[in-house]
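Working notes for the structure below.
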Amino acid sequence: VQLQASGGGLVQAGGSLGLSCAASGRTFVTYVGGWFRQAPGKEREFVATISWSGGRTYYADSVKGRFTISRDNAKSTVYLQMNRLKPEDTAVYYCAAKRTYDSVGYYYTARTDYDYWGQGTLVTVSS
């Protein structure tokens, strides 16, 4: 399975940006989707996760209320809509997928929880 993240770019503070993560290869619907980010000089950190069914989501406190994770299983794609962006949101954003047989499981916030990773897409927020 390969994950391809896209949608990064440069945006002014207060603006919005949408990221996509498309799965290809031996795709499967039964996976938890996640987004992480890594700012320069910092560890990769959890951003958001979504259950296989799409009905349950969980966010890092730093993005709660501003970011929305969603998915379209027919397209094998997970999305991250980012609104009211701040300069501290600047980072390389990585999508990830965790194999699961649980349609409602969603609380996976550790990097080691995930089985597959995308290549990352850079988001830069200017002040």
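If you're wondering about the labels, chains in the structure tokens are A, B, ... by order shown, residues count from 1 in each chain, ligands from 1 in order shown.
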Extract, using only C-alpha atoms, all DNA, RNA and protein residues at most 12 Å from A:Phe46, discarding same-chain residues fewer than 5 positions from it, and format them as an mmCIF file with N, CA and C atoms, in the first residue's frame.
data_model
loop_
_atom_site.group_PDB
_atom_site.id
_atom_site.type_symbol
_atom_site.label_atom_id
_atom_site.label_comp_id
_atom_site.auth_asym_id
_atom_site.auth_seq_id
_atom_site.Cartn_x
_atom_site.Cartn_y
_atom_site.Cartn_z
ATOM 1 N N GLY A 33 -7.324 6.259 9.559
ATOM 2 C CA GLY A 33 -6.525 7.278 8.905
ATOM 3 C C GLY A 33 -5.991 8.270 9.930
ATOM 4 N N GLY A 34 -4.788 8.732 9.708
ATOM 5 C CA GLY A 34 -4.201 9.702 10.628
ATOM 6 C C GLY A 34 -3.363 10.736 9.907
ATOM 7 N N TRP A 35 -3.214 11.876 10.540
ATOM 8 C CA TRP A 35 -2.323 12.937 10.066
ATOM 9 C C TRP A 35 -1.371 13.297 11.201
ATOM 10 N N PHE A 36 -0.116 13.466 10.852
ATOM 11 C CA PHE A 36 0.920 13.917 11.763
ATOM 12 C C PHE A 36 1.634 15.087 11.103
ATOM 13 N N ARG A 37 2.432 15.788 11.873
ATOM 14 C CA ARG A 37 3.220 16.864 11.299
ATOM 15 C C ARG A 37 4.559 16.971 12.019
ATOM 16 N N GLN A 38 5.519 17.508 11.293
ATOM 17 C CA GLN A 38 6.852 17.679 11.857
ATOM 18 C C GLN A 38 7.389 19.040 11.470
ATOM 19 N N ALA A 39 7.554 19.889 12.457
ATOM 20 C CA ALA A 39 8.124 21.212 12.248
ATOM 21 C C ALA A 39 9.646 21.106 12.296
ATOM 22 N N TYR A 58 -10.592 12.293 16.257
ATOM 23 C CA TYR A 58 -9.905 12.806 17.447
ATOM 24 C C TYR A 58 -8.810 13.748 16.988
ATOM 25 N N TYR A 59 -8.642 14.869 17.732
ATOM 26 C CA TYR A 59 -7.699 15.902 17.330
ATOM 27 C C TYR A 59 -6.740 16.250 18.463
ATOM 28 N N ALA A 60 -5.564 16.686 18.062
ATOM 29 C CA ALA A 60 -4.660 17.279 19.032
ATOM 30 C C ALA A 60 -5.270 18.584 19.519
ATOM 31 N N ASP A 61 -5.008 18.927 20.759
ATOM 32 C CA ASP A 61 -5.572 20.159 21.314
ATOM 33 C C ASP A 61 -5.176 21.388 20.499
ATOM 34 N N SER A 62 -3.995 21.363 19.941
ATOM 35 C CA SER A 62 -3.479 22.527 19.216
ATOM 36 C C SER A 62 -4.244 22.823 17.932
ATOM 37 N N VAL A 63 -4.988 21.849 17.414
ATOM 38 C CA VAL A 63 -5.704 22.061 16.154
ATOM 39 C C VAL A 63 -7.215 21.913 16.313
ATOM 40 N N LYS A 64 -7.658 21.512 17.474
ATOM 41 C CA LYS A 64 -9.086 21.273 17.698
ATOM 42 C C LYS A 64 -9.874 22.552 17.432
ATOM 43 N N ALA A 91 4.797 23.148 8.957
ATOM 44 C CA ALA A 91 5.401 21.839 9.174
ATOM 45 C C ALA A 91 5.251 21.013 7.901
ATOM 46 N N TYR A 93 3.522 17.813 6.690
ATOM 47 C CA TYR A 93 2.379 17.021 7.141
ATOM 48 C C TYR A 93 2.440 15.640 6.499
ATOM 49 N N TYR A 94 2.289 14.627 7.326
ATOM 50 C CA TYR A 94 2.348 13.242 6.882
ATOM 51 C C TYR A 94 1.003 12.559 7.137
ATOM 52 N N CYS A 95 0.549 11.806 6.146
ATOM 53 C CA CYS A 95 -0.629 10.985 6.391
ATOM 54 C C CYS A 95 -0.168 9.568 6.722
ATOM 55 N N ALA A 96 -1.011 8.853 7.436
ATOM 56 C CA ALA A 96 -0.673 7.512 7.874
ATOM 57 C C ALA A 96 -1.927 6.653 7.908
ATOM 58 N N TYR A 107 -8.875 6.046 18.297
ATOM 59 C CA TYR A 107 -7.965 6.752 19.200
ATOM 60 C C TYR A 107 -6.554 6.192 19.070
ATOM 61 N N TYR A 108 -5.917 6.547 17.972
ATOM 62 C CA TYR A 108 -4.545 6.124 17.720
ATOM 63 C C TYR A 108 -3.709 7.357 17.479
ATOM 64 N N THR A 109 -2.908 7.721 18.465
ATOM 65 C CA THR A 109 -2.171 8.972 18.394
ATOM 66 C C THR A 109 -0.662 8.798 18.354
ATOM 67 N N ALA A 110 -0.180 7.583 18.501
ATOM 68 C CA ALA A 110 1.262 7.348 18.484
ATOM 69 C C ALA A 110 1.733 6.983 17.087
ATOM 70 N N ARG A 111 2.939 7.424 16.761
ATOM 71 C CA ARG A 111 3.498 7.096 15.450
ATOM 72 C C ARG A 111 3.590 5.589 15.264
ATOM 73 N N THR A 112 3.896 4.887 16.313
ATOM 74 C CA THR A 112 4.062 3.437 16.227
ATOM 75 C C THR A 112 2.745 2.696 16.032
ATOM 76 N N ASP A 113 1.624 3.375 16.169
ATOM 77 C CA ASP A 113 0.323 2.743 15.937
ATOM 78 C C ASP A 113 0.081 2.471 14.453
ATOM 79 N N TYR A 114 0.764 3.191 13.587
ATOM 80 C CA TYR A 114 0.451 3.194 12.168
ATOM 81 C C TYR A 114 1.385 2.299 11.357
#
Practice item. Would you mind writing down, as a ChimeraX atom specification, each residue of stretch 20-127 of chain A that DSSP on the backbone assigns to strand (DSSP E)? Key: /A:20-24,31-38,45-50,57-59,67-72,77-82,91-99,116-117,121-126
Study note, to complete from the structure: Judged by only C-alpha atoms, the minimum distance to A:Lys98 among A:Glu45, A:Leu80, A:Gly118, A:Val32 is found for A:Val32
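Ranking A:Thr57, A:Ser76, A:Ser51, A:Ser127 by their shortest atom-to-atom distance to A:Leu3, with only C-alpha atoms included, puts A:Ser76 first.
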**Study point:** For A:Leu10, the nearest of the candidates A:Gly120, A:Pro40, A:Gly105, A:Lys86, counting only C-alpha atoms
**Key:** A:Lys86
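Once A:Arg99 and its same-chain neighbours fewer than 6 positions away are set aside, Thr30, Tyr31, Val32 and Asp115 of chain A remain within 7 Å of it when counting only C-alpha atoms.
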Pick out the residues sitting within 9 Å of A:Thr124, and hand them over as a compact mmCIF listing (two decimals) with N, CA, C and O atoms, in the first residue's frame; count only C-alpha atoms, and ignore anything fewer than 6 positions along from it in its own chain.
# COMPACT_ATOMS: atom_id res chain seq x y z
N GLY A 8 -0.27 20.62 0.04
CA GLY A 8 0.50 21.58 0.80
C GLY A 8 0.81 22.83 0.00
O GLY A 8 0.61 22.88 -1.21
N GLY A 9 1.30 23.85 0.70
CA GLY A 9 1.65 25.08 0.02
C GLY A 9 1.87 26.20 1.00
O GLY A 9 2.00 25.98 2.21
N LEU A 10 1.90 27.41 0.46
CA LEU A 10 2.12 28.61 1.26
C LEU A 10 0.80 29.35 1.43
O LEU A 10 0.08 29.58 0.46
N VAL A 11 0.51 29.73 2.67
CA VAL A 11 -0.73 30.43 2.94
C VAL A 11 -0.49 31.46 4.03
O VAL A 11 0.40 31.26 4.88
N GLN A 12 -1.23 32.52 4.02
CA GLN A 12 -1.10 33.53 5.05
C GLN A 12 -1.82 33.11 6.33
O GLN A 12 -2.79 32.33 6.28
N PRO A 87 1.07 30.62 12.10
CA PRO A 87 2.47 30.34 11.74
C PRO A 87 3.01 29.09 12.41
O PRO A 87 3.82 28.37 11.82
N ASP A 89 1.60 26.39 12.73
CA ASP A 89 1.15 25.20 12.00
C ASP A 89 2.11 24.81 10.89
O ASP A 89 1.94 23.78 10.24
N THR A 90 3.10 25.66 10.64
CA THR A 90 4.09 25.37 9.60
C THR A 90 4.82 24.07 9.91
O THR A 90 5.39 23.91 10.99
N ALA A 91 4.80 23.15 8.96
CA ALA A 91 5.40 21.84 9.17
C ALA A 91 5.25 21.01 7.90
O ALA A 91 4.51 21.39 6.99
N VAL A 92 5.94 19.90 7.88
CA VAL A 92 5.67 18.88 6.87
C VAL A 92 4.58 17.98 7.44
O VAL A 92 4.71 17.47 8.56
